[in-house]
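Only one structure is covered here, and it is reproduced in the block below.
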Amino acid sequence: MEPNRVSDQSRSQPAPLRIALAGLGTVGAGVIRLIETNRDLLARRAGRGIEIVAVSARDRSKDRGVDISRYDWEDDMGAMATRPDVDVVVELVGGSDGPALTLARGAIANGKSFVTANKAMIAHHGLSLAREAEAAGHALKFEAAVAGGIPIVKGLREGAAANAIERVYGILNGTSNYILSTMEDTGADFADVLGEAQAKGYAEADPTFDIDGIDAAHKLSILASIAFGTELDFTSVGADGIRRILAADIAQANSLGYVIRLLGMANVETGSDGTTRLFQRVHPYLVPKNHPLAHVDGPTNAVVAEGNFSGMLLFQGAGAGDGPTASAVVADIIDIARYWDSEGEIDPPFSIPVAELDKTLPAETGHRTGKAYLRFLVKDRPGVLAEITAAMRDAGVSIESLIQMGTEYSGGDDGSVLVSMVTHEGEEAAVDKALDLLAGLESMTATPLVMHILKQ
Ligand SMILES: NC(=O)c1ccc[n+]([C@@H]2O[C@H](COP(=O)([O-])OP(=O)(O)OC[C@H]3O[C@@H](n4cnc5c(N)ncnc54)[C@H](O)[C@@H]3O)[C@@H](O)[C@H]2O)c1
Ligand SMILES: N[C@@H](CCO)C(=O)O
Ligand code: NA
């Protein structure tokens with residue numbers, strides 16, 4: 001039999017793919033720079049040219065370091081959805097609802113492919129948008145929405161597609177990882193480092209999304225749907241962030257052999273009634289220093305996927321910033337260019353058509369086990385340690401180690417001392433019960449902090 005050959009016909013380039021770009025901020029300007037810099041390379045990889053035809057943002061005259069004079073300007077970004085000279089609408093505006101969602105719906109309804117970096121919108125509306133895109137036979141792609149430049153959506157949808165994924169977890173927010181690792185390196189204050197992350201363009205428009213775990217929860221819910229073939233369920237992600245972490249916690253964790261990282265963690269499990277349940281949590285974790293995630297610093301993201309045949313896969317790279325995020329956006333555009341002529345045959349955005357995704361219930365709380373780090377700020381007076389250990393005893397929490405920091409702890413100016421402990425493996429519910437027993441005690445000067453310890 002004749003081997004397959006690239007035919008001479010396929011060497012003649014078809015018409016370029018025409019792009020409309022909404023949003024010209026950090027990522028939008030990065031996309032323009034990338035498309036203009038790598039123009040020839042993109043055309044060869046995509047099999048056709050990639051041309052920006054129209055752009056839209058709030059302020060036409062702003063200096064973005066890129067020349068936008070050669071593109072049409074649209075004051076109303078919604079108008080991009082109906083332009084007959086546009087094949088793909090790229091949304092880099094942000095916000096779960098509002099103009100971004102209107103543009104997404106309009107673009108899909110008008111037969112355009114749609115590419116976005118907007119994890120908030122996909123977390124909230126990804127299923128309905130995917131349903132609309134599948135019905136229309138056009139692409140909906142969001143590689144840049146999860147872990148920026150890391151090809152994790154592609155990695156799970158394609159590279160790991162043959163596996164049942166047992167657990168997916170990782171560092172999904174560059175801003176909080178930058179803050180934690182900078183606090184670790186410099187002992188700097190949380191608030192100062194947040195300002196730096198904002199200045200570098202990593203933070204969301206509302207930085208509370210970064211530091212309170214919401215941005216990571218958006219990304220985790222998207223990853224979980226792709227990894228487990230379950231309906232995306234952002235509302236059931238239990239999210240907590242990093243704003244209560246003290247330099248002293250970082251020092252304590254270090255002396256115990258751990259670093260602190262904000263992790264998203266998801267797996268499917270069987271509930272007490274035999275139903276399949278989806279566990280999704282974003283929380284600061286103590287990560288053993290010998291785990292690869294312990295060495296992920298700055299705005300870098302890293303995702304671990306445990307496949308039943310592949311074993312542990314680690315995806316690591318820049319999770320934020322103009323260049324890496326643009327890299328993911330343009331990779332999606334190249335994918336669309338490659339199958340543009342295949343007559344409405346699209347890959348389902350979540351790998352499996354929306355109608356066939358499992359309707360999984362949220363995980364039950366109460367039976368989950370693990371080790372935890374608990375930290376208390378308490379008045380420095382006799383009997384306080386006994387109160388804490390009595391609550392642990394009464395709740396059935398077994399203590400592996402306990403440290404009291406006195407003068408070395410400089411976080412409070414009210415004379416508090418810091419007591420931290422690591423528990424033995426046990427039920428999380430027992431820790432919750434101990435904290436309930438301690439709640440409201442006059443000796444506690446702050447709400448206790450709980451961090452889970454990553455199971456290897
Ligand atoms: N910055 C990153 O590193 C990064 C990484 C991954 C994903 N993202 C996502 O990419 C998207 C864009 O992020 P960014 O950091 O580039 O934001 P940005 O704030 O730098 O840019 C937003 C752009 O949208 C425009 N815009 C905002 N509201 C508008 C409106 N109502 N009408 C018209 N234009 C409007 C602004 O003028 C600006 O050009 C967000 O969804 C964000 O979550 C960002
Ligand atoms: N604000 C996000 C941008 C990338 O999604 C982060 O810090 O990770
Ligand atoms: Na990505």
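Starting from 1 in every chain, residues are counted up; chains themselves are A, B, ... following the order of the structure tokens, and ligands are numbered from 1 as listed.
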
Selection within 12 Å of ligand 3 by only C-alpha atoms and all ligand atoms, output as a ChimeraX atom specification = /A:116-119,141-157,172-173,219-220,222-223,300-303,315-321,324-332

If we count only C-alpha atoms and set the cut-off at 7 Å, which residues sit around stretch 391-406 of chain A, ignoring sequence neighbours fewer than 5 positions away in its own chain? Please answer as a PDB file with N, CA and C atoms, in the first residue's frame.
```
ATOM      1  N   VAL A 417       0.604  34.337  72.121  1.00  0.00           N
ATOM      2  CA  VAL A 417       1.629  33.384  71.704  1.00  0.00           C
ATOM      3  C   VAL A 417       1.011  32.467  70.665  1.00  0.00           C
ATOM      4  N   LEU A 418       1.879  31.857  69.897  1.00  0.00           N
ATOM      5  CA  LEU A 418       1.409  31.012  68.797  1.00  0.00           C
ATOM      6  C   LEU A 418       1.664  29.544  69.156  1.00  0.00           C
ATOM      7  N   VAL A 419       0.609  28.759  69.069  1.00  0.00           N
ATOM      8  CA  VAL A 419       0.726  27.325  69.322  1.00  0.00           C
ATOM      9  C   VAL A 419       0.354  26.623  68.027  1.00  0.00           C
ATOM     10  N   SER A 420       1.232  25.752  67.561  1.00  0.00           N
ATOM     11  CA  SER A 420       0.878  25.022  66.345  1.00  0.00           C
ATOM     12  C   SER A 420       1.054  23.535  66.588  1.00  0.00           C
ATOM     13  N   MET A 421       0.295  22.756  65.870  1.00  0.00           N
ATOM     14  CA  MET A 421       0.424  21.305  66.012  1.00  0.00           C
ATOM     15  C   MET A 421       0.165  20.622  64.688  1.00  0.00           C
ATOM     16  N   VAL A 422       0.702  19.428  64.587  1.00  0.00           N
ATOM     17  CA  VAL A 422       0.386  18.558  63.457  1.00  0.00           C
ATOM     18  C   VAL A 422      -0.313  17.330  64.043  1.00  0.00           C
ATOM     19  N   THR A 423      -1.419  16.959  63.421  1.00  0.00           N
ATOM     20  CA  THR A 423      -2.170  15.798  63.935  1.00  0.00           C
ATOM     21  C   THR A 423      -1.676  14.529  63.247  1.00  0.00           C
ATOM     22  N   HIS A 424      -1.958  13.407  63.899  1.00  0.00           N
ATOM     23  CA  HIS A 424      -1.812  12.135  63.200  1.00  0.00           C
ATOM     24  C   HIS A 424      -2.932  12.028  62.170  1.00  0.00           C
ATOM     25  N   GLY A 426      -6.221  11.194  60.681  1.00  0.00           N
ATOM     26  CA  GLY A 426      -7.487  10.968  61.383  1.00  0.00           C
ATOM     27  C   GLY A 426      -8.611  11.614  60.607  1.00  0.00           C
ATOM     28  N   ALA A 430     -13.184  15.108  63.086  1.00  0.00           N
ATOM     29  CA  ALA A 430     -12.743  15.191  64.483  1.00  0.00           C
ATOM     30  C   ALA A 430     -12.060  16.535  64.729  1.00  0.00           C
ATOM     31  N   VAL A 431     -11.280  16.999  63.737  1.00  0.00           N
ATOM     32  CA  VAL A 431     -10.638  18.316  63.876  1.00  0.00           C
ATOM     33  C   VAL A 431     -11.715  19.405  63.956  1.00  0.00           C
ATOM     34  N   LYS A 433     -14.652  19.090  65.080  1.00  0.00           N
ATOM     35  CA  LYS A 433     -15.303  19.006  66.388  1.00  0.00           C
ATOM     36  C   LYS A 433     -14.426  19.677  67.459  1.00  0.00           C
ATOM     37  N   ALA A 434     -13.116  19.445  67.394  1.00  0.00           N
ATOM     38  CA  ALA A 434     -12.206  20.071  68.373  1.00  0.00           C
ATOM     39  C   ALA A 434     -12.290  21.591  68.265  1.00  0.00           C
ATOM     40  N   LEU A 437     -15.289  22.861  69.911  1.00  0.00           N
ATOM     41  CA  LEU A 437     -15.156  22.870  71.371  1.00  0.00           C
ATOM     42  C   LEU A 437     -14.357  24.088  71.853  1.00  0.00           C
ATOM     43  N   LEU A 438     -13.423  24.531  70.999  1.00  0.00           N
ATOM     44  CA  LEU A 438     -12.567  25.660  71.382  1.00  0.00           C
ATOM     45  C   LEU A 438     -13.184  27.019  71.029  1.00  0.00           C
TER      46      LEU A 438
END
```

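Atom CA of A:Ala227 to atom CA of A:Ile171 spans 16.0 Å [interatomic distance, one decimal].
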
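Nearest residue to ligand 2, choosing from A:Ala199, A:Ala54, A:Ala390, A:Ile245 and counting only C-alpha atoms and all ligand atoms: A:Ala199.
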
Near-A:Asn110 list (8 Å; only C-alpha atoms; drop same-chain fewer than 3 positions) as a PyMOL selection string = chain A and resi 81-82+106-107

Can you list, as a PyMOL selection string, every protein, DNA or RNA residue that comes within 7 Å of stretch 89-102 of chain A when you count only C-alpha atoms, leaving out same-chain residues fewer than 3 positions away?
-> chain A and resi 19-23+27-28+81+105-107+112-118+120-121+124

Residue nearest ligand 1 among A:Ala363, A:Val268, A:Ile250, A:Met80 (counting only C-alpha atoms and all ligand atoms) = A:Met80

So that I can check the secondary structure, give me every residue of stretch 59-235 of chain A assigned strand (DSSP E) by backbone DSSP, as a PDB file with C-alpha atoms, in the first residue's frame.
```pdb
ATOM      1  CA  ASP A  72     -10.657  47.867  12.653  1.00  0.00           C
ATOM      2  CA  TRP A  73     -11.727  49.374  15.955  1.00  0.00           C
ATOM      3  CA  VAL A  88     -13.142  33.442  15.501  1.00  0.00           C
ATOM      4  CA  VAL A  89     -14.014  35.767  18.371  1.00  0.00           C
ATOM      5  CA  VAL A  90     -11.386  35.910  21.125  1.00  0.00           C
ATOM      6  CA  GLU A  91     -12.577  37.261  24.487  1.00  0.00           C
ATOM      7  CA  SER A 113     -15.744  29.891  16.977  1.00  0.00           C
ATOM      8  CA  PHE A 114     -15.007  31.322  20.396  1.00  0.00           C
ATOM      9  CA  VAL A 115     -11.752  31.391  22.374  1.00  0.00           C
ATOM     10  CA  THR A 116     -11.441  32.774  25.897  1.00  0.00           C
ATOM     11  CA  LEU A 140     -15.419  26.798  22.263  1.00  0.00           C
ATOM     12  CA  LYS A 141     -11.873  26.742  23.618  1.00  0.00           C
ATOM     13  CA  ILE A 165      -7.999  10.040  36.259  1.00  0.00           C
ATOM     14  CA  GLU A 166      -7.917   9.169  39.934  1.00  0.00           C
ATOM     15  CA  ARG A 167      -6.965  12.534  41.350  1.00  0.00           C
ATOM     16  CA  VAL A 168      -6.085  15.927  39.930  1.00  0.00           C
ATOM     17  CA  TYR A 169      -4.512  18.620  42.057  1.00  0.00           C
ATOM     18  CA  GLY A 170      -2.079  21.469  41.909  1.00  0.00           C
ATOM     19  CA  ILE A 171      -1.070  25.077  42.176  1.00  0.00           C
TER      20      ILE A 171
END
```

From a DSSP pass on the backbone, collect the residues of stretch 158-282 of chain A flagged as alpha helix (DSSP H) and hand them back as a VMD selection string.
-> chain A and resid 174 to 186 190 to 199 208 to 211 214 to 228 247 to 255

If you count only C-alpha atoms, which residues fall within 12 Å of A:Asn267, apart from same-chain ones fewer than 2 positions away, as a PyMOL selection string?
-> chain A and resi 164-169+220-221+223-230+237+264-265+269-270+276-281+304-307+360+362-363

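Residues surrounding A:Tyr202 within 10 Å are Thr26, Asn173, Gly174, Thr175, Ser176, Tyr178, Leu194, Glu196, Asp210, Pro299, Gly319, Ala320, Gly321 and Asp322 of chain A [only C-alpha atoms; sequence separation below 6 positions excluded].
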
Produce a file of the selected residues containing N, CA and C atoms, as a PDB file, in the first residue's frame.
```
ATOM      1  N   THR A  26      -3.492  43.025  29.646  1.00  0.00           N
ATOM      2  CA  THR A  26      -2.279  42.208  29.731  1.00  0.00           C
ATOM      3  C   THR A  26      -2.304  41.098  28.678  1.00  0.00           C
ATOM      4  N   ASN A 173      -3.126  29.079  41.112  1.00  0.00           N
ATOM      5  CA  ASN A 173      -3.187  30.542  41.140  1.00  0.00           C
ATOM      6  C   ASN A 173      -1.788  31.121  41.309  1.00  0.00           C
ATOM      7  N   GLY A 174      -1.356  31.824  40.267  1.00  0.00           N
ATOM      8  CA  GLY A 174       0.000  32.368  40.250  1.00  0.00           C
ATOM      9  C   GLY A 174       0.201  33.449  41.301  1.00  0.00           C
ATOM     10  N   THR A 175      -0.827  34.285  41.487  1.00  0.00           N
ATOM     11  CA  THR A 175      -0.698  35.386  42.449  1.00  0.00           C
ATOM     12  C   THR A 175      -0.442  34.851  43.848  1.00  0.00           C
ATOM     13  N   SER A 176      -1.247  33.890  44.288  1.00  0.00           N
ATOM     14  CA  SER A 176      -1.063  33.420  45.669  1.00  0.00           C
ATOM     15  C   SER A 176       0.215  32.609  45.788  1.00  0.00           C
ATOM     16  N   TYR A 178       2.936  33.250  44.120  1.00  0.00           N
ATOM     17  CA  TYR A 178       3.967  34.293  44.169  1.00  0.00           C
ATOM     18  C   TYR A 178       4.038  34.874  45.582  1.00  0.00           C
ATOM     19  N   LEU A 194       1.331  41.288  47.928  1.00  0.00           N
ATOM     20  CA  LEU A 194       0.149  41.359  47.052  1.00  0.00           C
ATOM     21  C   LEU A 194       0.303  42.533  46.083  1.00  0.00           C
ATOM     22  N   GLU A 196       2.983  43.808  44.895  1.00  0.00           N
ATOM     23  CA  GLU A 196       3.959  43.434  43.851  1.00  0.00           C
ATOM     24  C   GLU A 196       3.299  42.558  42.776  1.00  0.00           C
ATOM     25  N   ASP A 210      -7.989  36.019  43.800  1.00  0.00           N
ATOM     26  CA  ASP A 210      -6.724  35.292  43.863  1.00  0.00           C
ATOM     27  C   ASP A 210      -6.454  34.806  45.277  1.00  0.00           C
ATOM     28  N   PRO A 299       5.066  32.953  40.237  1.00  0.00           N
ATOM     29  CA  PRO A 299       3.743  32.821  39.632  1.00  0.00           C
ATOM     30  C   PRO A 299       3.557  31.491  38.872  1.00  0.00           C
ATOM     31  N   GLY A 319       1.715  30.248  35.012  1.00  0.00           N
ATOM     32  CA  GLY A 319       0.255  30.237  35.111  1.00  0.00           C
ATOM     33  C   GLY A 319      -0.367  31.585  34.841  1.00  0.00           C
ATOM     34  N   ALA A 320       0.457  32.605  34.683  1.00  0.00           N
ATOM     35  CA  ALA A 320      -0.070  33.953  34.482  1.00  0.00           C
ATOM     36  C   ALA A 320       0.968  34.774  33.736  1.00  0.00           C
ATOM     37  N   GLY A 321       0.536  35.956  33.316  1.00  0.00           N
ATOM     38  CA  GLY A 321       1.444  36.848  32.590  1.00  0.00           C
ATOM     39  C   GLY A 321       1.081  36.889  31.116  1.00  0.00           C
ATOM     40  N   ASP A 322       1.499  37.962  30.445  1.00  0.00           N
ATOM     41  CA  ASP A 322       1.043  38.188  29.063  1.00  0.00           C
ATOM     42  C   ASP A 322       1.524  37.105  28.091  1.00  0.00           C
TER      43      ASP A 322
END
```

By how many Å are atom 29 (C, counted along the ligand's line) of ligand 1 and atom CA of A:Met77 apart?
->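 That distance, rounded to one decimal, is 8.5 Å.
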